[in-house]
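S.K.: This is the structure I want to talk about, given as structure tokens.
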Amino acid sequence: MLFVLPLIFGLIPTRTRNIRKRYTSLANCFGGGVFFGTCFLHLIPEVKLELLEYAKLSNSTILNIVPLPELLECTGFILMILLESIISMVLGGHGHSHGFEALSTMDEENKVEVNGKSDSTPVAPNPHGKREGTKGVTVMILALAIHSVFEGLAIGVEHSPSVFMQLAGAIVIHKCVVAFALGTKIINSNQNFKVLLILVSVFCICTPIGVGVAMSIMNQLAKSETKTLMLSSGIIQGLSTGFFLYITFAEMLFSEMQDGKDVLLKVLFLTAGVIVIAVSTIAHNYMES
């Protein structure tokens with residue numbers, strides 16, 4: 001699911017470019033709502049519970065003095081900002097936002113939106129500034145791939161199957177939107193289908209790799225004593241929650257809201273994502289009680 005669906009969306013631009021940015025933006029807002037709800041209804045309470053259990057087992061009073069769960073989540077958020085900044089500096093400004101820039105480029109080439117309504121009048125492509133060489137596309141893929149590995153790491157540390165599926169579903173929505181934008185960008189750079197397939201496949205495989213690495217780490221930790229497992233799991237999940245908070249706010253929601261288009265509709269889709277998670281959480285808690 002984490003590989004196949006984004007790959008399909010990444011190859012769609014070879015057949016059609018008539019999917020408007022408005023629809024992909026709404027899908028991204030729904031995914032952002034799923035992340036938003038999952039962070040505050042599942043991940044943050046879980047991290048606190050895990051570390052409190054460790055404090056009880058170890059008779060440690062440190063958590064009564066230091067807000068460790070919140071500090072870990074802040075650290076994860078800051079680490080993601082640092083990672084994005086380093087990628088931007090090293091790769092010459094090619095950051096994760098390129099996926100959404102590609103959506104804007106695709107939208108300008110194919111559809112004009114006026115007051116939230118799409119006009120089907122084709123726009124003549126502008127050859128200046130829109131054609132990138134293989135090097136530029138490869139750099140963009142590298143930046144997205146590094147980011148995708150961290151997304152996978154954040155999912156893989158989750159030990160609850162229901163929460164894992166919720167996070168994976170939200171990641172799939174997000175990756176499908178970015179993969180479609182990426183496919184459009186590669187097509188615009190005059191690459192053939194073989195190059196498109198290779199580059200999109202590299203982007204799509206990175207999240208499953210991150211999930212596998214995280215699961216391997218958690219399996220190794222599971223062999224240790226209970227206290228060590230709880231502390232290690234709490235720290236890793238606290239950092240990964242910070243990763244998800246960054247993805248939710250800095251990338252998905254901020255990038256969609258800043259253009260000022262269809263704001264109320266986007267908020268509605270955001271709310272729908274939160275409601276889905278809230279209902280599933282209530283149902284899960286009810287079944288376990």
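Each chain in the structure tokens gets a letter, A, B, ..., in the order shown, and its residues are numbered from 1; ligands are numbered from 1 in order too.
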Just the residues within 12 Å of Arg15 of chain A, please, counting only C-alpha atoms, with nothing from its chain fewer than 5 positions along; format it as a list in words.
M.R.: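 Contacts, in chain order: Ile8, Phe9, Gly10, Phe180, Gly183, Thr184, Ile187 and Phe193 of chain A.
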S.K.: By how many Å are atom CA of Met257 of chain A and atom CA of Ile173 of chain A apart?
M.R.: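 Those two atoms sit 17.3 Å apart.
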S.K.: Near Pro45 of chain A, counting only C-alpha atoms, which residues have an atom at most 12 Å away, once you skip same-chain residues fewer than 2 positions from it, shown as a PyMOL selection string?
M.R.: chain A and resi 37-43+47-52+69-70+73+234+237-238+241
S.K.: From the set A:Cys29, A:Ser88, A:Ala154, A:Pro13, which residue has the shortest atom-to-atom contact distance to Phe254 of chain A, counting only C-alpha atoms?
M.R.: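 Among the listed residues, A:Cys29 lies closest to Phe254 of chain A.
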S.K.: Find the residues near segment 266-279 of chain A: any atom within 8 Å, counting only C-alpha atoms, skip ones fewer than 4 places away on the same chain, and give them as a PyMOL selection string.
M.R.: chain A and resi 25-27+29-38+41+166+257+262+283
S.K.: Could those selected residues go to a file with N, CA and C atoms, as a PDB file, in the first residue's frame?
M.R.:
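result05.pdb, freshly written:
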```
ATOM      1  N   SER A  25      -5.386  19.043  -3.422  1.00  0.00           N
ATOM      2  CA  SER A  25      -5.237  19.837  -2.204  1.00  0.00           C
ATOM      3  C   SER A  25      -6.239  19.405  -1.134  1.00  0.00           C
ATOM      4  N   LEU A  26      -7.474  19.145  -1.559  1.00  0.00           N
ATOM      5  CA  LEU A  26      -8.501  18.696  -0.606  1.00  0.00           C
ATOM      6  C   LEU A  26      -8.135  17.327  -0.024  1.00  0.00           C
ATOM      7  N   ALA A  27      -7.602  16.453  -0.866  1.00  0.00           N
ATOM      8  CA  ALA A  27      -7.163  15.141  -0.376  1.00  0.00           C
ATOM      9  C   ALA A  27      -6.034  15.300   0.633  1.00  0.00           C
ATOM     10  N   CYS A  29      -5.525  17.905   2.551  1.00  0.00           N
ATOM     11  CA  CYS A  29      -6.096  18.463   3.780  1.00  0.00           C
ATOM     12  C   CYS A  29      -6.767  17.379   4.617  1.00  0.00           C
ATOM     13  N   PHE A  30      -7.446  16.434   3.950  1.00  0.00           N
ATOM     14  CA  PHE A  30      -8.047  15.307   4.668  1.00  0.00           C
ATOM     15  C   PHE A  30      -6.952  14.480   5.340  1.00  0.00           C
ATOM     16  N   GLY A  31      -5.870  14.206   4.606  1.00  0.00           N
ATOM     17  CA  GLY A  31      -4.744  13.488   5.191  1.00  0.00           C
ATOM     18  C   GLY A  31      -4.129  14.250   6.352  1.00  0.00           C
ATOM     19  N   GLY A  32      -4.052  15.588   6.215  1.00  0.00           N
ATOM     20  CA  GLY A  32      -3.555  16.413   7.311  1.00  0.00           C
ATOM     21  C   GLY A  32      -4.437  16.308   8.540  1.00  0.00           C
ATOM     22  N   GLY A  33      -5.763  16.227   8.322  1.00  0.00           N
ATOM     23  CA  GLY A  33      -6.695  16.064   9.438  1.00  0.00           C
ATOM     24  C   GLY A  33      -6.501  14.725  10.133  1.00  0.00           C
ATOM     25  N   VAL A  34      -6.226  13.674   9.353  1.00  0.00           N
ATOM     26  CA  VAL A  34      -5.949  12.355   9.933  1.00  0.00           C
ATOM     27  C   VAL A  34      -4.683  12.412  10.785  1.00  0.00           C
ATOM     28  N   PHE A  35      -3.633  13.059  10.265  1.00  0.00           N
ATOM     29  CA  PHE A  35      -2.402  13.238  11.038  1.00  0.00           C
ATOM     30  C   PHE A  35      -2.670  14.042  12.312  1.00  0.00           C
ATOM     31  N   PHE A  36      -3.398  15.140  12.157  1.00  0.00           N
ATOM     32  CA  PHE A  36      -3.701  16.043  13.261  1.00  0.00           C
ATOM     33  C   PHE A  36      -4.390  15.287  14.399  1.00  0.00           C
ATOM     34  N   GLY A  37      -5.450  14.544  14.039  1.00  0.00           N
ATOM     35  CA  GLY A  37      -6.181  13.780  15.035  1.00  0.00           C
ATOM     36  C   GLY A  37      -5.347  12.679  15.646  1.00  0.00           C
ATOM     37  N   THR A  38      -4.562  11.984  14.821  1.00  0.00           N
ATOM     38  CA  THR A  38      -3.742  10.878  15.320  1.00  0.00           C
ATOM     39  C   THR A  38      -2.676  11.366  16.292  1.00  0.00           C
ATOM     40  N   LEU A  41      -4.733  12.539  19.568  1.00  0.00           N
ATOM     41  CA  LEU A  41      -5.614  11.557  20.202  1.00  0.00           C
ATOM     42  C   LEU A  41      -4.923  10.227  20.458  1.00  0.00           C
ATOM     43  N   GLN A 166      -3.808   3.728  10.744  1.00  0.00           N
ATOM     44  CA  GLN A 166      -4.253   5.114  10.578  1.00  0.00           C
ATOM     45  C   GLN A 166      -3.117   5.979  10.033  1.00  0.00           C
ATOM     46  N   MET A 257      -2.953  25.930   3.109  1.00  0.00           N
ATOM     47  CA  MET A 257      -3.749  27.085   3.546  1.00  0.00           C
ATOM     48  C   MET A 257      -3.174  28.413   3.068  1.00  0.00           C
ATOM     49  N   ASP A 262     -10.171  28.272  -1.484  1.00  0.00           N
ATOM     50  CA  ASP A 262     -11.037  27.217  -0.934  1.00  0.00           C
ATOM     51  C   ASP A 262     -10.735  26.947   0.535  1.00  0.00           C
ATOM     52  N   ALA A 283     -14.452   4.212  19.237  1.00  0.00           N
ATOM     53  CA  ALA A 283     -14.881   2.815  19.001  1.00  0.00           C
ATOM     54  C   ALA A 283     -13.851   1.838  19.562  1.00  0.00           C
TER      55      ALA A 283
END
```
S.K.: From the list A:Leu2, A:Leu196, A:Leu231, A:His159, which residue is nearest Leu63 of chain A when using only C-alpha atoms?
M.R.: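 Of all the options, A:Leu231 lies closest to Leu63 of chain A.
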S.K.: What lies within 8 Å of Pro6 of chain A using only C-alpha atoms, ignoring chain neighbours under 5 positions off, as a list in words?
M.R.: Val172, Lys175, Cys176, Val177, Ala179, Phe180 and Cys204 of chain A
S.K.: Restricting it to C-alpha atoms, dump the selection as a PDB file, in the first residue's frame.
M.R.:
```pdb
ATOM      1  CA  VAL A 172      -0.437   7.034   1.621  1.00  0.00           C
ATOM      2  CA  LYS A 175       2.507  10.395  -0.791  1.00  0.00           C
ATOM      3  CA  CYS A 176      -0.065   9.929  -3.575  1.00  0.00           C
ATOM      4  CA  VAL A 177      -0.489  13.705  -3.837  1.00  0.00           C
ATOM      5  CA  ALA A 179       3.897  11.386  -6.263  1.00  0.00           C
ATOM      6  CA  PHE A 180       1.382  12.825  -8.742  1.00  0.00           C
ATOM      7  CA  CYS A 204       7.880   5.375  -3.328  1.00  0.00           C
TER       8      CYS A 204
END
```
S.K.: What's around Thr75 of chain A at 10 Å? Count only C-alpha atoms, leave out sequence neighbours fewer than 3 positions away in its own chain, and write the answer as a ChimeraX atom specification.
M.R.: /A:69-72,78-81,238-243
S.K.: What is the distance, in Å and to one decimal place, between atom CA of Ile186 of chain A and atom CA of Ser201 of chain A?
M.R.: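 These two atoms are separated by 12.6 Å.
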S.K.: One number please: atom CA of Met252 of chain A to atom CA of Ser233 of chain A, in Å, one decimal.
M.R.: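 About the pair atom CA of Met252 of chain A and atom CA of Ser233 of chain A: they are 26.4 Å apart.
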S.K.: Could you pull out all residues of segment 128-217 of chain A with a DSSP call of alpha helix (DSSP H) and give them as a PyMOL selection string?
M.R.: chain A and resi 134-156+161-188+193-217
